[in-house]
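Here is the structure we will look at, set down as structure tokens.
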Amino acid sequence: MDVSYIFQNLNNAQREAVSSESQSLLVLAGAGSGKTRVIAHRVAWIVKALNISPQSLLTVTFTNKAAREMRGRIEEILEDQLGDFWCGTFHGISHRILRRHWEEAGLRKEFAILDSEDQLRVVKRVCKSLQIDDSKWPAKQIQWYINKEKDEGRRPEDAETGDYFSEQMTNIYSEYQALCNQESLVDFGELLLRTYELIDGNEKILNHYRARFKHILVDEFQDTNEVQYKFLLLLKGNENNISAVGDDDQSIYGWRGAKSDNINRFTKDLKNTQVVRLEQNYRSTQVILDAANSVIQNNSGRMGKDLWTEEKEGEKISVYSAYNEDDEARYVVGTIQDWIAQGNNLDEVAILYRSNAQSRALEEAILRESLPYRIYGGQRFYERAEIKNAMAYIRLVFGKEDDAAFERVINIPPRGIGAKTLDIIRNKAKGTKQSLWMASQELIDLEELPPRAMQSVQGFISDMYSLSLEVKEMDLKGLVDFIIERSGLIDYHKKEAGEKGRTRVENLSELVSAADDFMVPAQEEEISELKSFIDHAALDAGDAQAEEHESAIQLMTLHSAKGLEFPLVFITGFEEGLFPHRLSIEEPGQLEEERRLCYVGMTRAMKKLHIVHSEMRNLHGSENFNSVSRFLKEIPEELSLEVRTGGSIPRLKQKERSYIPGDVPNTEFKIGQRVFHDSFGEGVILNYEGQGPNARVEVNFDSSTTKWLMVEYANLKGI
DNA sequence: TCTATGGTGATTTTT
DNA sequence: TCACCATAGA
């Protein structure tokens, strides 16, 4: 069969990777080197050239979105539907396996998935029952600890103990797990760990999947954690094939348990691994690549890669030193306006920042100019409170034993069932080892509640009961529609004041459309449509924002920019303490991760990159004077231009700067004058640019720091 | 049980 | 600064 069309438009390295017959393949794919393309084409090649059914392939991606896109791309190449082809996240795949083998995995058939908010609630519940002081032991921290242990593959009995802290943490972890087991609740980490333990401890199941998945392909391999790595190698065994694609330089999720060292480990564990490097970049100009390369070179222990391009040099990187965050935002917006004036589009522009708090000043400046924009991040669809409430009602209809759902909605909308009553129900449930639902019924039957609570709980129980009956014959859409109405959620939010209530009602009706559009994945026929929908909501929280059709500027954190590309990119807040973040400066490992984040950010830019930092920044209400980020010093000076309000000049080393004495036009200052600044103290004006209120002066303070300050803001006093 | 007020503390995010 | 939580009064 002629498979040459699969190789069309691939370069040599890509071709080598796509058609490798090595049992283990490692593709080190630099930013913009066509990584996803290689995986998609490799799947096509395996199917067509090796004549292997898509059924025998397992493709793992990092996000659900990536999985959907991957599937689409492969189908495009093959010009055919893939049918029974497993392509998903580690969590999605683990979930599918657990649903099939729930019994062997020690779960109930209807086990529920906890998302992180649900998990936090369970942790809080456990802490309460253990009477743990939550000011000393914050639930968030405990949750973080538990997840970290699970990511590492450790059960409570494997956890390190010795000091009081880990002793206590392990104790809570152990209680938490007992509760989850009892109620058959599975958190995200548990999905992975339990699946690994399942195939590790059950030869029959392991052999089944080994026999099925002849080829395993993994994207974003640098983001795998311990359990995921062990899962992959176990599933591969000695016979099967594995292709891992990743970039150690783009590992930015170490803080979440990802081990980029898995890349190194892979070549050691699988001795005959073929390594292919993709270094030709199809995205950025040479200037941008050179700058990014020279920044990342400061990291140690890299696998080593140098990006290059056939594209032209390109424009130099612009560096702007703003006076404060408003000036920073103004520069960004002004530059964007110039950009569109030249006939470019707004959706070609991304503004990146290290932390979400920085988006505000930028947002305000954009709003002032009434430009359309979109902020990535924030709450996603299935994470919104009203949606989670509706889902909890739906879960209760599916199974009355779902305590998490029960607790969530028993008093939403308010039914007069507060903490006291709930405590009674909880104690009853604990004492008799049954669900909150059963316990409530028993309390009513035995009349063990105060009269008023009695009535409220009875009302809730019978409402839910009749709701379940009425809904029996309905399809998914009808059911969701009926439940959001009958639960009282719609009325409850309608009564809420202002915009807030209205969007909540809108979101609820959006949920009805989501249910209408929902299609049960082909491989999950054995599960009911309703259960499948519930799981989908937990495993894929949906997009952060509804798709906007208007062309808009994109604002996002450096983390969420990974995998994307834009002709014009701004990296803002390029300051010590912010980027690298102050909490990451001390530890070398963390600092290197910040540097990789910088590398990721820079390599998003296709044509033009602007780096912006600010002399002064309002953070948490107080003024901060940050020096410029160390990463800027790692960019060769000849690759960048220092932008001033009047134009651009080459970035100069401090000592090369000179000044000509004279007045700063239309201000009270002149060069050489001594001035006083509230924060920096006394200094001498060395240089200026612009005039009048927009003038900026360079002041050499006696503390030996030199700053560019805007006359309008700096409140300098002549002395 | 519901609502107002004050203390606290504050990266990055997907599943 | 601001958002979130916990606790105190209505």
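Labels used: A, B, ... for chains in the order of the structure tokens, numbers from 1 for residues in each chain, and numbers from 1 for ligands as shown.
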Contact set, chain A to chain B: 9 Å, only C-alpha atoms (C1' of nucleotides), as a ChimeraX atom specification: /A:62-64,89-92,115-116,188-189,252-253,255-256,354-356,377,416-419,538-541,557-560,578,581-584,620
Okay, now the selection with N, CA and C atoms, as a CSV table (one decimal), in the first residue's frame?
chain,number,residue,atom,x,y,z
A,62,PHE,N,-2.6,15.2,27.4
A,62,PHE,CA,-2.6,15.9,28.7
A,62,PHE,C,-3.9,16.5,29.1
A,63,THR,N,-4.6,16.9,28.1
A,63,THR,CA,-6.0,17.5,28.3
A,63,THR,C,-7.0,16.9,27.4
A,64,ASN,N,-8.3,17.0,27.8
A,64,ASN,CA,-9.4,16.5,27.0
A,64,ASN,C,-9.4,17.2,25.6
A,89,THR,N,-7.0,11.4,28.0
A,89,THR,CA,-6.1,11.7,29.1
A,89,THR,C,-5.8,10.5,29.9
A,90,PHE,N,-4.8,10.5,30.7
A,90,PHE,CA,-4.5,9.4,31.7
A,90,PHE,C,-5.8,9.2,32.5
A,91,HIS,N,-6.4,10.3,32.9
A,91,HIS,CA,-7.6,10.1,33.8
A,91,HIS,C,-8.7,9.5,33.1
A,92,GLY,N,-9.0,9.9,31.9
A,92,GLY,CA,-10.1,9.4,31.1
A,92,GLY,C,-9.9,7.9,30.8
A,115,ASP,N,-14.3,15.7,41.9
A,115,ASP,CA,-13.4,16.7,41.4
A,115,ASP,C,-12.7,17.4,42.6
A,116,SER,N,-11.8,18.4,42.3
A,116,SER,CA,-11.0,18.9,43.4
A,116,SER,C,-11.9,19.6,44.5
A,188,PHE,N,-9.2,12.3,41.6
A,188,PHE,CA,-8.4,12.3,40.4
A,188,PHE,C,-7.2,11.4,40.6
A,189,GLY,N,-6.5,11.6,41.7
A,189,GLY,CA,-5.3,10.8,41.9
A,189,GLY,C,-5.6,9.3,42.0
A,252,ILE,N,6.6,22.6,32.9
A,252,ILE,CA,6.3,23.7,33.8
A,252,ILE,C,5.3,23.3,34.9
A,253,TYR,N,5.1,22.0,35.0
A,253,TYR,CA,4.1,21.5,36.0
A,253,TYR,C,4.8,20.6,37.1
A,255,TRP,N,5.5,21.4,40.0
A,255,TRP,CA,4.8,21.7,41.3
A,255,TRP,C,3.5,20.9,41.4
A,256,ARG,N,3.1,20.2,40.3
A,256,ARG,CA,1.9,19.4,40.4
A,256,ARG,C,2.2,17.9,40.4
A,354,ARG,N,2.6,36.3,34.7
A,354,ARG,CA,2.9,35.2,35.5
A,354,ARG,C,1.8,34.8,36.4
A,355,SER,N,1.1,35.8,37.0
A,355,SER,CA,0.0,35.5,37.9
A,355,SER,C,-1.3,36.2,37.5
A,356,ASN,N,-2.4,35.6,37.8
A,356,ASN,CA,-3.7,36.2,37.4
A,356,ASN,C,-4.0,37.6,37.9
A,377,GLY,N,-8.7,31.3,31.6
A,377,GLY,CA,-8.6,30.9,33.0
A,377,GLY,C,-9.8,31.3,33.7
A,416,GLY,N,-34.2,25.5,55.3
A,416,GLY,CA,-34.2,25.5,56.7
A,416,GLY,C,-33.6,24.2,57.3
A,417,ILE,N,-32.6,23.7,56.6
A,417,ILE,CA,-31.8,22.6,57.1
A,417,ILE,C,-30.4,23.1,57.2
A,418,GLY,N,-30.0,23.4,58.4
A,418,GLY,CA,-28.7,24.0,58.7
A,418,GLY,C,-27.7,23.0,59.2
A,419,ALA,N,-26.6,23.6,59.7
A,419,ALA,CA,-25.5,22.8,60.2
A,419,ALA,C,-25.9,21.8,61.3
A,538,ALA,N,-17.5,15.6,35.6
A,538,ALA,CA,-16.4,15.6,36.6
A,538,ALA,C,-15.0,15.5,35.9
A,539,LEU,N,-14.9,14.8,34.8
A,539,LEU,CA,-13.6,14.6,34.1
A,539,LEU,C,-13.2,15.7,33.2
A,540,ASP,N,-14.2,16.4,32.6
A,540,ASP,CA,-13.9,17.4,31.7
A,540,ASP,C,-14.7,18.7,32.0
A,541,ALA,N,-14.1,19.6,32.7
A,541,ALA,CA,-14.8,20.8,33.2
A,541,ALA,C,-15.2,21.7,32.2
A,557,THR,N,-2.3,33.5,31.6
A,557,THR,CA,-1.0,33.3,32.3
A,557,THR,C,-0.1,32.6,31.3
A,558,LEU,N,1.2,32.6,31.7
A,558,LEU,CA,2.2,31.9,30.9
A,558,LEU,C,1.9,30.4,30.9
A,559,HIS,N,1.4,29.9,32.0
A,559,HIS,CA,1.1,28.5,32.0
A,559,HIS,C,0.1,28.1,31.0
A,560,SER,N,-1.0,28.9,30.9
A,560,SER,CA,-2.1,28.5,30.0
A,560,SER,C,-1.7,28.8,28.5
A,578,LEU,N,8.3,38.7,40.8
A,578,LEU,CA,7.1,38.4,40.1
A,578,LEU,C,7.4,37.2,39.1
A,581,HIS,N,8.9,34.2,40.2
A,581,HIS,CA,8.1,34.5,41.4
A,581,HIS,C,8.9,34.4,42.7
A,582,ARG,N,8.6,35.3,43.6
A,582,ARG,CA,9.4,35.4,44.8
A,582,ARG,C,9.5,34.0,45.5
A,583,LEU,N,8.4,33.2,45.4
A,583,LEU,CA,8.4,31.9,46.2
A,583,LEU,C,9.2,30.9,45.5
A,584,SER,N,9.7,31.2,44.3
A,584,SER,CA,10.5,30.2,43.5
A,584,SER,C,11.9,30.6,43.4
A,620,HIS,N,-1.1,43.8,46.2
A,620,HIS,CA,-1.8,43.6,47.4
A,620,HIS,C,-1.9,44.9,48.2
For chain A, list the residues within 12 Å of chain C, counting only C-alpha atoms (C1' of nucleotides), and write the list as a list in words.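 Contact residues on the first chain: Asp134, Ser135, Pro138, Ala357, Arg360, Asn618, Leu619, His620, Gly621, Ser622 and Glu623 of chain A.
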Print the selection's residues with N, CA, C and O atoms to a file, as an mmCIF file, in the first residue's frame.
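Writing the result to out.cif gives the following:
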data_model
loop_
_atom_site.group_PDB
_atom_site.id
_atom_site.type_symbol
_atom_site.label_atom_id
_atom_site.label_comp_id
_atom_site.auth_asym_id
_atom_site.auth_seq_id
_atom_site.Cartn_x
_atom_site.Cartn_y
_atom_site.Cartn_z
ATOM 1 N N ASP A 134 -8.613 23.338 62.240
ATOM 2 C CA ASP A 134 -8.383 23.670 60.836
ATOM 3 C C ASP A 134 -7.559 24.938 60.636
ATOM 4 O O ASP A 134 -7.169 25.256 59.528
ATOM 5 N N SER A 135 -7.282 25.661 61.745
ATOM 6 C CA SER A 135 -6.394 26.808 61.555
ATOM 7 C C SER A 135 -4.940 26.332 61.538
ATOM 8 O O SER A 135 -4.082 26.939 60.902
ATOM 9 N N PRO A 138 -4.743 23.496 57.554
ATOM 10 C CA PRO A 138 -5.696 23.942 56.535
ATOM 11 C C PRO A 138 -6.060 22.793 55.578
ATOM 12 O O PRO A 138 -5.179 22.056 55.136
ATOM 13 N N ALA A 357 -3.415 37.921 39.066
ATOM 14 C CA ALA A 357 -3.680 39.239 39.632
ATOM 15 C C ALA A 357 -3.216 40.357 38.701
ATOM 16 O O ALA A 357 -3.715 41.475 38.755
ATOM 17 N N ARG A 360 -5.561 42.625 35.880
ATOM 18 C CA ARG A 360 -6.527 43.695 36.098
ATOM 19 C C ARG A 360 -6.153 45.021 35.458
ATOM 20 O O ARG A 360 -6.952 45.614 34.730
ATOM 21 N N ASN A 618 1.871 48.040 42.139
ATOM 22 C CA ASN A 618 0.976 47.904 43.275
ATOM 23 C C ASN A 618 0.577 46.453 43.416
ATOM 24 O O ASN A 618 -0.080 45.894 42.562
ATOM 25 N N LEU A 619 1.009 45.861 44.505
ATOM 26 C CA LEU A 619 0.666 44.472 44.700
ATOM 27 C C LEU A 619 0.076 44.320 46.101
ATOM 28 O O LEU A 619 0.685 44.732 47.088
ATOM 29 N N HIS A 620 -1.107 43.756 46.169
ATOM 30 C CA HIS A 620 -1.808 43.609 47.445
ATOM 31 C C HIS A 620 -1.873 44.922 48.188
ATOM 32 O O HIS A 620 -1.658 44.980 49.395
ATOM 33 N N GLY A 621 -2.091 45.976 47.459
ATOM 34 C CA GLY A 621 -2.322 47.250 48.112
ATOM 35 C C GLY A 621 -1.088 48.029 48.512
ATOM 36 O O GLY A 621 -1.190 49.177 48.898
ATOM 37 N N SER A 622 0.094 47.414 48.400
ATOM 38 C CA SER A 622 1.263 48.207 48.774
ATOM 39 C C SER A 622 2.204 48.337 47.575
ATOM 40 O O SER A 622 2.181 47.527 46.651
ATOM 41 N N GLU A 623 3.032 49.373 47.609
ATOM 42 C CA GLU A 623 3.929 49.630 46.501
ATOM 43 C C GLU A 623 5.118 48.691 46.528
ATOM 44 O O GLU A 623 5.708 48.438 47.575
#
Take atom CA of A:Asn324 and atom CA of A:Met710 and report the distance between them in Å, one decimal. 8.7 Å
Atomic distance atom CA of A:Arg154 - atom CA of A:Gln434, expressed in Å with one decimal: 28.6 Å
Got a sec to tell me which of stretch 430-651 of chain A DSSP assigns to strand (DSSP E or B), as a PyMOL selection string? chain A and resi 553-557+566-571+575+577-578+581+605-614+617-619+622-624+628+640-644+647-650
Find the spatial neighbours of stretch 526-535 of chain A, counting only C-alpha atoms (C1' of nucleotides), within a cut-off of 10 Å - ignore same-chain residues fewer than 5 positions away - and output them as a CSV table (one decimal) with N, CA, C and O atoms, in the first residue's frame.
chain,number,residue,atom,x,y,z
A,92,GLY,N,-9.0,9.9,31.9
A,92,GLY,CA,-10.1,9.4,31.1
A,92,GLY,C,-9.9,7.9,30.8
A,92,GLY,O,-10.8,7.1,31.0
A,95,HIS,N,-10.3,5.9,34.0
A,95,HIS,CA,-11.7,5.9,34.4
A,95,HIS,C,-12.4,4.8,33.6
A,95,HIS,O,-13.1,4.0,34.1
A,99,ARG,N,-14.2,1.5,35.1
A,99,ARG,CA,-15.7,1.3,34.9
A,99,ARG,C,-15.9,-0.2,34.5
A,99,ARG,O,-16.8,-0.8,34.8
A,100,ARG,N,-14.9,-0.7,33.7
A,100,ARG,CA,-15.0,-2.0,33.2
A,100,ARG,C,-14.7,-3.1,34.3
A,100,ARG,O,-15.3,-4.2,34.3
A,109,LYS,N,-20.2,-0.6,41.6
A,109,LYS,CA,-20.5,-0.4,40.2
A,109,LYS,C,-20.7,1.1,39.9
A,109,LYS,O,-20.3,1.6,38.9
A,110,GLU,N,-21.4,1.8,40.8
A,110,GLU,CA,-21.7,3.2,40.5
A,110,GLU,C,-20.7,4.2,41.1
A,110,GLU,O,-21.1,5.3,41.4
A,111,PHE,N,-19.5,3.8,41.3
A,111,PHE,CA,-18.6,4.7,42.0
A,111,PHE,C,-18.6,6.1,41.4
A,111,PHE,O,-18.8,6.2,40.2
A,112,ALA,N,-18.5,7.1,42.3
A,112,ALA,CA,-18.5,8.5,41.8
A,112,ALA,C,-17.2,9.1,41.8
A,112,ALA,O,-16.3,8.7,42.5
A,113,ILE,N,-17.0,10.0,40.9
A,113,ILE,CA,-15.7,10.7,40.7
A,113,ILE,C,-15.8,12.1,41.5
A,113,ILE,O,-16.7,12.8,41.4
A,114,LEU,N,-14.7,12.3,42.3
A,114,LEU,CA,-14.7,13.6,43.0
A,114,LEU,C,-13.8,14.5,42.2
A,114,LEU,O,-12.6,14.2,41.9
A,391,MET,N,-25.8,19.5,39.0
A,391,MET,CA,-25.2,18.2,38.8
A,391,MET,C,-25.4,17.3,40.1
A,391,MET,O,-25.6,16.1,40.0
A,392,ALA,N,-25.4,18.0,41.2
A,392,ALA,CA,-25.6,17.2,42.5
A,392,ALA,C,-27.0,16.7,42.5
A,392,ALA,O,-27.2,15.6,42.9
A,394,ILE,N,-28.8,16.0,40.0
A,394,ILE,CA,-28.9,14.9,39.0
A,394,ILE,C,-28.2,13.6,39.5
A,394,ILE,O,-28.7,12.5,39.3
A,395,ARG,N,-27.1,13.8,40.2
A,395,ARG,CA,-26.4,12.7,40.8
A,395,ARG,C,-27.4,12.0,41.9
A,395,ARG,O,-27.4,10.8,42.0
A,397,VAL,N,-30.5,11.9,41.8
A,397,VAL,CA,-31.5,11.1,41.1
A,397,VAL,C,-31.0,9.8,40.6
A,397,VAL,O,-31.6,8.8,40.6
A,398,PHE,N,-29.7,9.8,40.2
A,398,PHE,CA,-29.1,8.6,39.7
A,398,PHE,C,-28.8,7.6,40.9
A,398,PHE,O,-29.0,6.5,40.7
A,399,GLY,N,-28.4,8.2,42.0
A,399,GLY,CA,-28.1,7.3,43.1
A,399,GLY,C,-28.3,8.0,44.4
A,399,GLY,O,-27.6,9.0,44.7
A,475,ASP,N,-35.7,11.5,28.6
A,475,ASP,CA,-34.4,11.5,28.0
A,475,ASP,C,-33.5,12.5,28.8
A,475,ASP,O,-34.0,13.2,29.6
A,476,LEU,N,-32.2,12.4,28.5
A,476,LEU,CA,-31.2,13.2,29.2
A,476,LEU,C,-31.6,14.7,29.3
A,476,LEU,O,-31.6,15.3,30.3
A,477,LYS,N,-31.9,15.2,28.1
A,477,LYS,CA,-32.2,16.7,28.1
A,477,LYS,C,-33.4,17.0,28.9
A,477,LYS,O,-33.4,18.0,29.7
A,479,LEU,N,-34.7,15.4,31.3
A,479,LEU,CA,-34.4,15.2,32.7
A,479,LEU,C,-33.7,16.4,33.3
A,479,LEU,O,-34.1,16.9,34.4
A,480,VAL,N,-32.7,16.9,32.6
A,480,VAL,CA,-31.9,18.0,33.2
A,480,VAL,C,-32.8,19.2,33.3
A,480,VAL,O,-32.9,19.9,34.3
A,514,ALA,N,-26.2,21.5,26.9
A,514,ALA,CA,-25.0,20.6,27.0
A,514,ALA,C,-25.5,19.2,27.1
A,514,ALA,O,-25.0,18.3,26.4
A,515,ALA,N,-26.6,19.0,27.8
A,515,ALA,CA,-27.2,17.6,28.0
A,515,ALA,C,-27.7,17.2,26.6
A,515,ALA,O,-27.6,16.0,26.2
A,518,PHE,N,-25.0,16.2,24.4
A,518,PHE,CA,-24.1,15.1,24.9
A,518,PHE,C,-24.3,13.8,24.2
A,518,PHE,O,-25.4,13.3,24.0
A,519,MET,N,-23.2,13.2,23.8
A,519,MET,CA,-23.3,11.9,23.1
A,519,MET,C,-22.4,11.0,23.9
A,519,MET,O,-21.3,11.3,24.3
A,520,VAL,N,-23.0,9.8,24.3
A,520,VAL,CA,-22.2,8.8,25.0
A,520,VAL,C,-21.1,8.3,24.2
A,520,VAL,O,-21.3,8.0,23.0
A,521,PRO,N,-19.9,8.4,24.7
A,521,PRO,CA,-18.7,7.9,23.9
A,521,PRO,C,-19.0,6.4,23.5
A,521,PRO,O,-19.6,5.6,24.3
A,540,ASP,N,-14.2,16.4,32.6
A,540,ASP,CA,-13.9,17.4,31.7
A,540,ASP,C,-14.7,18.7,32.0
A,540,ASP,O,-15.9,18.8,31.7
